[in-house]
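What follows is a set of notes on a single structure, which appears directly below.
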Amino acid sequence: MNTELLEALNILEKEKDISKGTLLDAIENSLLNACKNHFGKADNVKVIMDRETCDYRLFAEKIVVEDVEDKLEQISLEEAHEIDGSYTLGDIVQIPIESKSFGRIATQNAKNLILQKIREEERKVVYDQYFEKEKDIVTGIVQRYVGRNISINLGKADAMLTENEQVKGEVFEPTERVKLYVVEVKNTTKGPKILVSRTHPELVKRLFESEVTEVKDGIVEIKSIAREAGSRTKIAVWSNDPDVDPVGACVGMNGARVNAIVKELRGEKIDIINWSDNPAILIENALSPAKVISVMADPDEKAASVIVPDYQLSLAIGKEGQNARLAARLTGYKIDIKSETQAIESGELPENYMELGEGVYEEEMYDEDYTGEYEEEYSEQDCEEEAADDDHDSEEILFHEVEELEV
């Protein structure tokens, strides 16, 4: 038994996760390559290796002939009889080869071949490991800034967080742990190239999957996500179980679940709304926390016209149009928002609408500067249940029930 070789292979298999069989194949190839370098060719050279004990035999197969023309592939009958008297012309004789007889150059080439195979297998193992994590989140340790990019250690490989994938305003310190979304893993000659992101919308989805059991189990589905990294994210959720409130499950007791995600995203605000197959209801929910009077949605044109109370117009649009912009991305609709006064002037609402609507809507102001922190009065959903008109016009759908939640 070749004890030293066996121990070395076992250590390599354990530390680098490279199979012993692959390493033995590399050794066989290196021995054949060494014979080729030493003798000039190795077409008739064979290697027999015991995979359990790592003992090996190296020999050249030579044909018994009367007149030897090629000493590498032929042997005379007299020389064959010196080995075994039973050999006759045309027989194959196995001549042992001592690897110790190889020259320095042949030995060095064999060594380099083995090391090259080990490096290739090591890169392949690392690539396979991180390829499985593609489209998922990983935890990395910040190493250093490289220009405007950040080098992050993921364990067995390093990733580069480029400037385009960083959230504006985020600053990391060396040795700091950070969660990242693996966008793509490429296999290169220098090892796996891993592209990670802190701005990708799927990062939020994966964080909810890791934090919310119902999302991970598939009871609650995240139907759509719209994100402006570092500022605000809107997600639409749906429950496959009528007994499970999707928004409440994502928020958690006293906001514990969503606050953990907000903390990981360094204060990014998250709005969680109920998904609906009805585009008008979905658009109304998406504009939360603003109250909506009516929604006219055109599924064919993917466009919608929304009317809100005058005092809710700025809240519906949001700072620099952010709320409306995210709602449009979340729903996939182009949304046109008008106030009551604008709708009356354009004829979309009757001139006596204010008199007809008096008392139907309570003018409850929403704080536009709400920080998104889950305060006590927002620990449960704030709802206003009002009677809805069952006779909907085919082009205009009026909603008098507003359900909103902002975190």
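Letters for chains follow the order of the structure tokens (A, B, ...), residue numbers begin at 1 for each chain, and ligand numbers begin at 1 in the order shown.
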Based on the backbone DSSP call, show me all residues of region 224-313 of chain A assigned helix (DSSP H, G or I), as a PyMOL selection string. chain A and resi 246-251+253-264+279-286+310-313
Using Å and a single decimal, report how far CA of Leu9 (chain A) sits from CA of Asn33 (chain A). 20.2 Å
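The space between CA of Val171 (chain A) and CA of Gly191 (chain A) spans 27.9 Å.
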From a backbone DSSP assignment, name each residue in region 89-306 of chain A labelled strand (DSSP E or B), as a VMD selection string. chain A and resid 92 to 96 137 to 146 149 to 153 158 to 161 177 to 188 191 to 197 220 to 228 232 to 239 269 to 274 294 to 298 303 to 306
Tell me which of A:Arg144, A:Val212, A:Ser30, A:Arg257 sits closest to Asn112 (chain A), counting only C-alpha atoms.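 Ranking A:Arg144, A:Val212, A:Ser30, A:Arg257 by distance to Asn112 (chain A), first place goes to A:Ser30.
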Quick one: everything within 9 Å of Val178 (chain A), counting only C-alpha atoms, minus sequence neighbours fewer than 4 positions away in the same chain. Send it as a compact mmCIF listing (two decimals) with N, CA and C atoms, in the first residue's frame.
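Contents of selection_14.txt, freshly written:
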```txt
# COMPACT_ATOMS: atom_id res chain seq x y z
N VAL A 138 -26.71 35.71 -0.39
CA VAL A 138 -25.57 35.19 0.34
C VAL A 138 -25.09 36.26 1.32
N THR A 139 -24.37 35.82 2.33
CA THR A 139 -23.79 36.76 3.29
C THR A 139 -22.29 36.85 3.04
N GLY A 140 -21.80 38.06 2.85
CA GLY A 140 -20.39 38.26 2.60
C GLY A 140 -19.75 39.18 3.62
N ILE A 141 -18.42 39.20 3.62
CA ILE A 141 -17.66 40.06 4.53
C ILE A 141 -16.92 41.09 3.69
N VAL A 142 -17.15 42.36 4.00
CA VAL A 142 -16.50 43.44 3.26
C VAL A 142 -15.00 43.39 3.51
N ILE A 152 -15.76 41.82 -1.78
CA ILE A 152 -16.48 41.14 -0.71
C ILE A 152 -16.13 39.66 -0.73
N PHE A 172 -19.83 50.97 3.78
CA PHE A 172 -19.47 49.76 4.51
C PHE A 172 -18.06 49.87 5.08
N GLU A 264 -32.01 45.48 7.70
CA GLU A 264 -31.01 44.94 6.78
C GLU A 264 -30.83 45.85 5.57
```
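Closest approach to Ser224 (chain A) among A:Ala328, A:Val93, A:Ala159, A:Leu77: A:Ala328, based on only C-alpha atoms.
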Excluding Leu72 (chain A) and any residue of its chain fewer than 3 positions from it, enumerate the residues within 9 Å of it, using only C-alpha atoms, and give them as a ChimeraX atom specification. /A:39,41-42,44,60-62,75
All heavy atoms of the current selection, written as a CSV table (one decimal), in the first residue's frame:
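The resulting file, selection.csv, is shown below:
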```csv
chain,number,residue,atom,x,y,z
A,39,PHE,N,10.7,9.0,-23.2
A,39,PHE,CA,11.0,8.1,-24.3
A,39,PHE,C,10.7,8.7,-25.7
A,39,PHE,O,11.1,8.1,-26.7
A,39,PHE,CB,10.2,6.8,-24.1
A,39,PHE,CG,10.5,6.1,-22.9
A,39,PHE,CD1,9.5,6.0,-21.9
A,39,PHE,CD2,11.7,5.5,-22.7
A,39,PHE,CE1,9.8,5.3,-20.7
A,39,PHE,CE2,12.0,4.8,-21.5
A,39,PHE,CZ,11.1,4.7,-20.5
A,41,LYS,N,7.6,8.9,-27.0
A,41,LYS,CA,6.2,8.6,-27.2
A,41,LYS,C,5.8,7.6,-26.1
A,41,LYS,O,6.6,6.9,-25.5
A,41,LYS,CB,6.0,8.0,-28.6
A,41,LYS,CG,6.8,6.7,-28.9
A,41,LYS,CD,6.5,6.2,-30.3
A,41,LYS,CE,7.3,4.9,-30.6
A,41,LYS,NZ,7.0,4.4,-32.0
A,42,ALA,N,4.4,7.4,-26.0
A,42,ALA,CA,3.9,6.6,-24.9
A,42,ALA,C,2.7,5.8,-25.4
A,42,ALA,O,1.8,5.5,-24.6
A,42,ALA,CB,3.6,7.4,-23.7
A,44,ASN,N,2.4,2.8,-26.3
A,44,ASN,CA,2.3,1.4,-25.8
A,44,ASN,C,2.5,1.3,-24.3
A,44,ASN,O,2.7,0.2,-23.8
A,44,ASN,CB,3.4,0.6,-26.5
A,44,ASN,CG,4.8,1.0,-26.2
A,44,ASN,OD1,5.0,2.2,-26.1
A,44,ASN,ND2,5.7,0.1,-26.2
A,60,ALA,N,5.6,-1.0,-20.3
A,60,ALA,CA,5.4,-0.8,-21.8
A,60,ALA,C,5.2,-2.1,-22.4
A,60,ALA,O,5.8,-3.1,-22.1
A,60,ALA,CB,6.7,-0.2,-22.3
A,61,GLU,N,4.2,-2.2,-23.3
A,61,GLU,CA,3.9,-3.4,-24.0
A,61,GLU,C,4.7,-3.5,-25.3
A,61,GLU,O,4.6,-2.6,-26.2
A,61,GLU,CB,2.4,-3.4,-24.3
A,61,GLU,CG,1.5,-3.5,-23.1
A,61,GLU,CD,0.0,-3.6,-23.4
A,61,GLU,OE1,-0.4,-3.2,-24.6
A,61,GLU,OE2,-0.7,-4.1,-22.6
A,62,LYS,N,5.5,-4.5,-25.4
A,62,LYS,CA,6.4,-4.7,-26.6
A,62,LYS,C,6.1,-6.0,-27.3
A,62,LYS,O,5.8,-7.0,-26.6
A,62,LYS,CB,7.9,-4.7,-26.2
A,62,LYS,CG,8.3,-3.3,-25.6
A,62,LYS,CD,9.8,-3.3,-25.3
A,62,LYS,CE,10.2,-1.9,-24.8
A,62,LYS,NZ,11.7,-1.8,-24.6
A,75,ILE,N,10.6,-6.1,-29.0
A,75,ILE,CA,11.7,-6.8,-28.2
A,75,ILE,C,12.1,-8.1,-29.0
A,75,ILE,O,11.2,-8.7,-29.6
A,75,ILE,CB,11.1,-7.1,-26.8
A,75,ILE,CG1,12.2,-7.7,-25.9
A,75,ILE,CG2,9.9,-8.0,-26.9
A,75,ILE,CD1,11.8,-7.9,-24.5
```
Tell me which protein, DNA and RNA residues are within 12 Å of Gly21 (chain A), counting only C-alpha atoms, leaving out same-chain ones fewer than 2 positions away, and put them as an MDAnalysis selection string. chainID A and resid 6 9:10 12:13 17:19 23:28 49:52 54 118 121
What's around region 123-133 of chain A at 12 Å? Count only C-alpha atoms, leave out sequence neighbours fewer than 3 positions away in its own chain, and write the answer as a PyMOL selection string. chain A and resi 13+15-19+116-120+136-139+154-159+180-196+206
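Considering the residues A:Asp336, A:Glu78, A:Glu173, A:Asp241 and counting only C-alpha atoms, Ala304 (chain A) has its shortest atom-to-atom contact with A:Asp336.
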Calculate how many Å separate CA of Ile337 (chain A) from CA of Lys223 (chain A), rounding to one decimal.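 For CA of Ile337 (chain A) relative to CA of Lys223 (chain A), the distance reads 23.7 Å.
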For Asn240 (chain A), find every residue with an atom within 8 Å (counting only C-alpha atoms), except residues of its own chain fewer than 3 positions away, and show them as a tab-separated table (two decimals) with N, CA and C atoms, in the first residue's frame.
```
chain	number	residue	atom	x	y	z
A	218	GLY	N	-44.79	29.00	0.79
A	218	GLY	CA	-45.67	29.18	-0.35
A	218	GLY	C	-47.11	29.51	0.01
A	219	ILE	N	-47.39	29.66	1.30
A	219	ILE	CA	-48.75	30.03	1.71
A	219	ILE	C	-49.05	31.46	1.27
A	220	VAL	N	-48.07	32.34	1.44
A	220	VAL	CA	-48.18	33.73	0.99
A	220	VAL	C	-47.24	33.92	-0.19
A	221	GLU	N	-47.76	34.47	-1.28
A	221	GLU	CA	-46.96	34.73	-2.48
A	221	GLU	C	-46.70	36.22	-2.64
A	244	VAL	N	-55.23	33.06	6.32
A	244	VAL	CA	-53.96	33.75	6.56
A	244	VAL	C	-54.01	35.13	5.91
```
